[in-house]
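Student: Starting off with a structure, shown below.
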Amino acid sequence: MRTRTLGSTGPAVSAIGLGCMGMSGAYGAADETESVATIHAALDAGVNLLDTGDFYGMGLNELLIRDALRARPGSRDQAVISVKFGALRDIDNGFHGVDGRPAAVRNFLAYSLNRLGTDHIDIYRIARVDPAVPIEETVGAIAEQVQAGRVRHIGLSEVGAETLRRAASVAPIADVQIEYSLFDRGIEREILPAARELGTGITAYGVLSRGLLSGHWTPQRGVAEDDFRAFSPRFSAENLDRNLGLVEALRKVAEGKGITVAQAAIAWVLSRGDDIVPVIGARRRDRLAETLSALEVDLSEADLADIERAVPPSEVAGTRYPTAQMAHLDSER
């Protein structure tokens, strides 16, 4: 497994990370046994970056990772666990903002350490910027936990360039986790240049745009009520056909290279720089295998140009989140 270093101060991680959110209900019911088997297959393949959030499945995702690692003695030392915190939820899975107060940082961290069954978290980040708390205070509180040995590295999620600079003035920021795909290239304007200026890496999520860019989605596929995509603008009736049209254009390019749509989409993100690590939410071993095979794809400059012509970001229909959630994205301001 090839590795990439997260920024100038972060850890060395596998060139592709495993996003575990979908293993705990974000996209409808998941098979826990298959999820654990997928984590084990990822570790066996050399994937060491496991990404989660303390609010994924209301803590169940952290417990799933704990159980998967306990079943493989010694695997905790192999894994680099990245945790997002701060989201305020209710019993109906409603989202009510974030809490970035220093006292909340300590509180959320204590619960995560307990659920994960570990004495430290490798990368700790607030899920969204708390508009009521200066980012310097939130990052300063995490930095205190770094000094205490409970956190190894500080990350951020969905922050704009100015917020990143303010945070980096307090403590080194290993990486910014942010959506980056053929459908979402907004970070290229200001956020990615700022990250490179500051020596901060990028962990890219949404690389397959919630499955749209997997090449496996069809217009006939239904979406369960408890699936995030039931509320995603890009999957709405008026937008889905247009977006799948872009996928079909990409499929033609991919087939000309003898690869799948997903492999083309992942390989494109990998090509953007060695400071970018795609985090792919594979829930099954077969999807994981397809994901990892993207590491063997060699795209020429002509191939990259063909891919980008097939999927112009200006042609993507719908925002990446519903309006209420878009309002929480510091990266979109």
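In the structure tokens, each chain is lettered A, B, ... as it comes, each chain's residues begin at 1, and ligands are numbered from 1 in order of appearance.
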What are the DSSP strand (DSSP E) residues of segment 122-283 of chain A, as a list in words?

Tutor: Asp122, Ile123, Tyr124, Arg125, Ile126, Val151, Arg152, His153, Ile154, Gly155, Leu156, Ser157, Asp175, Val176, Gln177, Ile178, Glu179, Gly201, Ile202, Thr203, Ala204, Tyr205, Ile276, Val277, Pro278, Val279 and Ile280 of chain A

Student: Save out the residues we just selected, N, CA, C and O atoms, as a CSV table (one decimal), in the first residue's frame.

Tutor:
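As a result, selection-v1.csv now contains:
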```csv
chain,number,residue,atom,x,y,z
A,122,ASP,N,-6.1,9.5,16.9
A,122,ASP,CA,-5.0,10.0,16.0
A,122,ASP,C,-5.2,11.3,15.4
A,122,ASP,O,-4.3,12.1,15.3
A,123,ILE,N,-6.4,11.6,14.9
A,123,ILE,CA,-6.8,12.9,14.3
A,123,ILE,C,-8.2,13.3,14.9
A,123,ILE,O,-9.1,12.5,14.7
A,124,TYR,N,-8.2,14.4,15.5
A,124,TYR,CA,-9.5,14.9,16.1
A,124,TYR,C,-9.9,16.2,15.5
A,124,TYR,O,-9.1,17.1,15.4
A,125,ARG,N,-11.2,16.3,15.1
A,125,ARG,CA,-11.6,17.5,14.4
A,125,ARG,C,-13.1,17.8,14.7
A,125,ARG,O,-13.9,16.9,14.9
A,126,ILE,N,-13.4,19.1,14.8
A,126,ILE,CA,-14.8,19.5,14.9
A,126,ILE,C,-15.5,19.3,13.5
A,126,ILE,O,-14.9,19.6,12.5
A,151,VAL,N,-4.8,13.1,22.1
A,151,VAL,CA,-5.0,13.3,20.7
A,151,VAL,C,-3.6,13.4,20.1
A,151,VAL,O,-2.7,14.0,20.7
A,152,ARG,N,-3.4,12.8,18.9
A,152,ARG,CA,-2.1,12.9,18.3
A,152,ARG,C,-2.0,14.1,17.3
A,152,ARG,O,-0.9,14.8,17.2
A,153,HIS,N,-3.0,14.4,16.5
A,153,HIS,CA,-3.0,15.4,15.5
A,153,HIS,C,-4.3,16.1,15.5
A,153,HIS,O,-5.4,15.5,15.8
A,154,ILE,N,-4.3,17.4,15.0
A,154,ILE,CA,-5.5,18.2,14.9
A,154,ILE,C,-5.9,18.3,13.5
A,154,ILE,O,-5.1,18.6,12.6
A,155,GLY,N,-7.2,18.1,13.2
A,155,GLY,CA,-7.8,18.3,11.9
A,155,GLY,C,-8.9,19.2,11.9
A,155,GLY,O,-9.3,19.7,13.0
A,156,LEU,N,-9.4,19.6,10.7
A,156,LEU,CA,-10.6,20.4,10.6
A,156,LEU,C,-11.5,19.8,9.6
A,156,LEU,O,-11.1,18.9,8.8
A,157,SER,N,-12.7,20.3,9.5
A,157,SER,CA,-13.6,19.8,8.5
A,157,SER,C,-14.5,20.9,7.9
A,157,SER,O,-15.0,21.8,8.7
A,175,ASP,N,-4.8,18.1,8.6
A,175,ASP,CA,-5.5,18.0,7.4
A,175,ASP,C,-6.9,18.7,7.6
A,175,ASP,O,-7.4,19.0,8.7
A,176,VAL,N,-7.4,19.0,6.4
A,176,VAL,CA,-8.8,19.5,6.3
A,176,VAL,C,-9.6,18.4,5.6
A,176,VAL,O,-9.2,18.0,4.5
A,177,GLN,N,-10.7,18.0,6.2
A,177,GLN,CA,-11.5,17.0,5.6
A,177,GLN,C,-12.6,17.8,4.9
A,177,GLN,O,-13.3,18.6,5.5
A,178,ILE,N,-12.8,17.5,3.6
A,178,ILE,CA,-13.7,18.3,2.8
A,178,ILE,C,-14.1,17.6,1.6
A,178,ILE,O,-13.4,16.7,1.1
A,179,GLU,N,-15.3,17.9,1.1
A,179,GLU,CA,-15.8,17.2,-0.1
A,179,GLU,C,-15.0,17.6,-1.3
A,179,GLU,O,-14.9,18.8,-1.6
A,201,GLY,N,-2.7,19.0,4.9
A,201,GLY,CA,-3.2,18.0,3.9
A,201,GLY,C,-4.7,18.1,3.7
A,201,GLY,O,-5.4,18.8,4.4
A,202,ILE,N,-5.2,17.3,2.7
A,202,ILE,CA,-6.6,17.3,2.5
A,202,ILE,C,-7.0,15.8,2.5
A,202,ILE,O,-6.4,14.9,1.9
A,203,THR,N,-8.0,15.5,3.3
A,203,THR,CA,-8.7,14.2,3.2
A,203,THR,C,-10.0,14.4,2.5
A,203,THR,O,-10.9,15.2,3.1
A,204,ALA,N,-10.2,13.9,1.3
A,204,ALA,CA,-11.3,14.2,0.5
A,204,ALA,C,-12.4,13.1,0.7
A,204,ALA,O,-12.2,11.9,0.5
A,205,TYR,N,-13.6,13.6,1.1
A,205,TYR,CA,-14.7,12.7,1.2
A,205,TYR,C,-15.7,13.0,0.1
A,205,TYR,O,-15.5,14.0,-0.7
A,276,ILE,N,-3.3,14.9,-1.1
A,276,ILE,CA,-4.7,14.7,-1.0
A,276,ILE,C,-5.0,13.2,-0.9
A,276,ILE,O,-4.4,12.3,-1.6
A,277,VAL,N,-5.7,12.8,0.1
A,277,VAL,CA,-6.0,11.4,0.4
A,277,VAL,C,-7.6,11.2,0.3
A,277,VAL,O,-8.3,11.7,1.1
A,278,PRO,N,-8.0,10.4,-0.7
A,278,PRO,CA,-9.4,10.1,-0.8
A,278,PRO,C,-9.9,9.2,0.3
A,278,PRO,O,-9.2,8.2,0.6
A,279,VAL,N,-11.0,9.5,0.9
A,279,VAL,CA,-11.6,8.6,1.9
A,279,VAL,C,-12.9,8.1,1.3
A,279,VAL,O,-13.8,8.8,1.1
A,280,ILE,N,-12.9,6.8,1.1
A,280,ILE,CA,-14.0,6.2,0.3
A,280,ILE,C,-14.9,5.4,1.3
A,280,ILE,O,-14.4,4.5,2.0
```

Student: DSSP on the backbone: what in segment 246-305 of chain A comes out helix (DSSP H, G or I), as a ChimeraX atom specification?

Tutor: /A:246-257,261-270,285-296,301-305

Student: Looking at only C-alpha atoms, which of A:Arg166, A:Arg2, A:Lys257, A:Arg101 is the one that sits closest to Val297 of chain A?

Tutor: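 Using only C-alpha atoms, Val297 of chain A sits closest to A:Lys257.
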
Student: Rounded to one decimal, what separation in Å do you get between atom CA of Glu190 of chain A and atom CA of Ala161 of chain A?

Tutor: 6.1 Å

Student: With segment 13-36 of chain A as the partner and 10 Å as the cut-off, tabulate the residues of segment 279-325 of chain A that qualify, each row holding the nearest pair of atoms and their distance in Å to one decimal, using only C-alpha atoms, sorted by chain and rising number, as CSV.

Tutor:
```
residue,atom,partner,partner_atom,distance
A:Val279,CA,A:Gly17,CA,4.3
A:Ile280,CA,A:Gly19,CA,5.3
A:Gly281,CA,A:Gly19,CA,4.2
A:Ala282,CA,A:Leu18,CA,6.9
A:Arg283,CA,A:Ser35,CA,5.7
A:Arg284,CA,A:Glu34,CA,6.1
A:Arg285,CA,A:Glu34,CA,7.5
A:Leu288,CA,A:Leu18,CA,8.5
A:Thr291,CA,A:Ile16,CA,8.4
A:Leu292,CA,A:Ile16,CA,7.3
A:Ala294,CA,A:Ile16,CA,9.3
A:Leu295,CA,A:Ala15,CA,8.0
```

Student: Generate the output file for the selected residues, N, CA and C atoms, as a PDB file, in the first residue's frame.

Tutor:
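For reference, result06.pdb as written:
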```
ATOM      1  N   VAL A 279     -11.012   9.509   0.912  1.00  0.00           N
ATOM      2  CA  VAL A 279     -11.597   8.644   1.935  1.00  0.00           C
ATOM      3  C   VAL A 279     -12.902   8.102   1.348  1.00  0.00           C
ATOM      4  N   ILE A 280     -12.914   6.798   1.071  1.00  0.00           N
ATOM      5  CA  ILE A 280     -14.031   6.191   0.345  1.00  0.00           C
ATOM      6  C   ILE A 280     -14.894   5.378   1.300  1.00  0.00           C
ATOM      7  N   GLY A 281     -16.197   5.605   1.233  1.00  0.00           N
ATOM      8  CA  GLY A 281     -17.127   4.936   2.144  1.00  0.00           C
ATOM      9  C   GLY A 281     -17.592   3.584   1.637  1.00  0.00           C
ATOM     10  N   ALA A 282     -16.681   2.658   1.483  1.00  0.00           N
ATOM     11  CA  ALA A 282     -17.052   1.300   1.062  1.00  0.00           C
ATOM     12  C   ALA A 282     -17.655   0.553   2.244  1.00  0.00           C
ATOM     13  N   ARG A 283     -18.838  -0.042   2.036  1.00  0.00           N
ATOM     14  CA  ARG A 283     -19.496  -0.795   3.107  1.00  0.00           C
ATOM     15  C   ARG A 283     -19.364  -2.298   2.910  1.00  0.00           C
ATOM     16  N   ARG A 284     -18.862  -2.713   1.731  1.00  0.00           N
ATOM     17  CA  ARG A 284     -18.742  -4.133   1.427  1.00  0.00           C
ATOM     18  C   ARG A 284     -17.357  -4.413   0.859  1.00  0.00           C
ATOM     19  N   ARG A 285     -16.940  -5.659   0.990  1.00  0.00           N
ATOM     20  CA  ARG A 285     -15.611  -6.020   0.535  1.00  0.00           C
ATOM     21  C   ARG A 285     -15.442  -5.895  -0.969  1.00  0.00           C
ATOM     22  N   LEU A 288     -14.864  -2.304  -1.674  1.00  0.00           N
ATOM     23  CA  LEU A 288     -13.519  -1.953  -1.228  1.00  0.00           C
ATOM     24  C   LEU A 288     -12.479  -2.387  -2.256  1.00  0.00           C
ATOM     25  N   THR A 291     -12.475  -0.060  -5.097  1.00  0.00           N
ATOM     26  CA  THR A 291     -11.864   1.198  -4.669  1.00  0.00           C
ATOM     27  C   THR A 291     -10.348   1.121  -4.713  1.00  0.00           C
ATOM     28  N   LEU A 292      -9.786   0.086  -4.109  1.00  0.00           N
ATOM     29  CA  LEU A 292      -8.332  -0.017  -4.009  1.00  0.00           C
ATOM     30  C   LEU A 292      -7.670  -0.239  -5.361  1.00  0.00           C
ATOM     31  N   ALA A 294      -8.220   1.357  -7.873  1.00  0.00           N
ATOM     32  CA  ALA A 294      -7.980   2.672  -8.477  1.00  0.00           C
ATOM     33  C   ALA A 294      -6.538   3.117  -8.288  1.00  0.00           C
ATOM     34  N   LEU A 295      -5.874   2.559  -7.288  1.00  0.00           N
ATOM     35  CA  LEU A 295      -4.463   2.900  -7.063  1.00  0.00           C
ATOM     36  C   LEU A 295      -3.571   2.432  -8.207  1.00  0.00           C
TER      37      LEU A 295
END
```

Student: If we count only C-alpha atoms, what is near segment 78-95 of chain A at a cut-off of 9 Å, once residues fewer than 3 positions away on the same chain are taken out, given as a PyMOL selection string?

Tutor: chain A and resi 11-13+43+46-55+57-58+62+69+74-75+98-100+104-105+108-109+112+121-130+155-157+325

Student: From the list A:His328, A:Ala195, A:Pro233, A:Trp217, which residue is nearest Glu162 of chain A when using only C-alpha atoms?

Tutor: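 Counting only C-alpha atoms, the residue closest to Glu162 of chain A is A:Ala195.
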
Student: Which residue out of A:Asp286, A:Asp184, A:Glu144, A:Glu137 has the minimum interatomic distance to Glu308 of chain A when only C-alpha atoms are used?

Tutor: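 Going through A:Asp286, A:Asp184, A:Glu144, A:Glu137 one by one, the smallest distance to Glu308 of chain A is for A:Asp184.
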
Student: Can you tell me how far atom CA of Arg72 of chain A sits from atom CA of Tyr111 of chain A, in Å to one decimal?

Tutor: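 Between these atoms lies a distance of 22.6 Å.
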
Student: From the options A:Thr138, A:Leu270, A:Arg242, A:Leu212, which residue's atoms come nearest to Arg229 of chain A, counting only C-alpha atoms?

Tutor: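 Using only C-alpha atoms, Arg229 of chain A sits closest to A:Leu212.
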
Student: Using only C-alpha atoms, which of A:Arg185, A:Arg150, A:Arg165, A:Arg76 sits nearest Glu136 of chain A?

Tutor: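 The shortest atom-to-atom distance to Glu136 of chain A comes from A:Arg165.
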
Student: One decimal, Å: what's the distance from atom CA of Leu240 of chain A over to atom CA of Gly318 of chain A, could you say?

Tutor: 8.9 Å
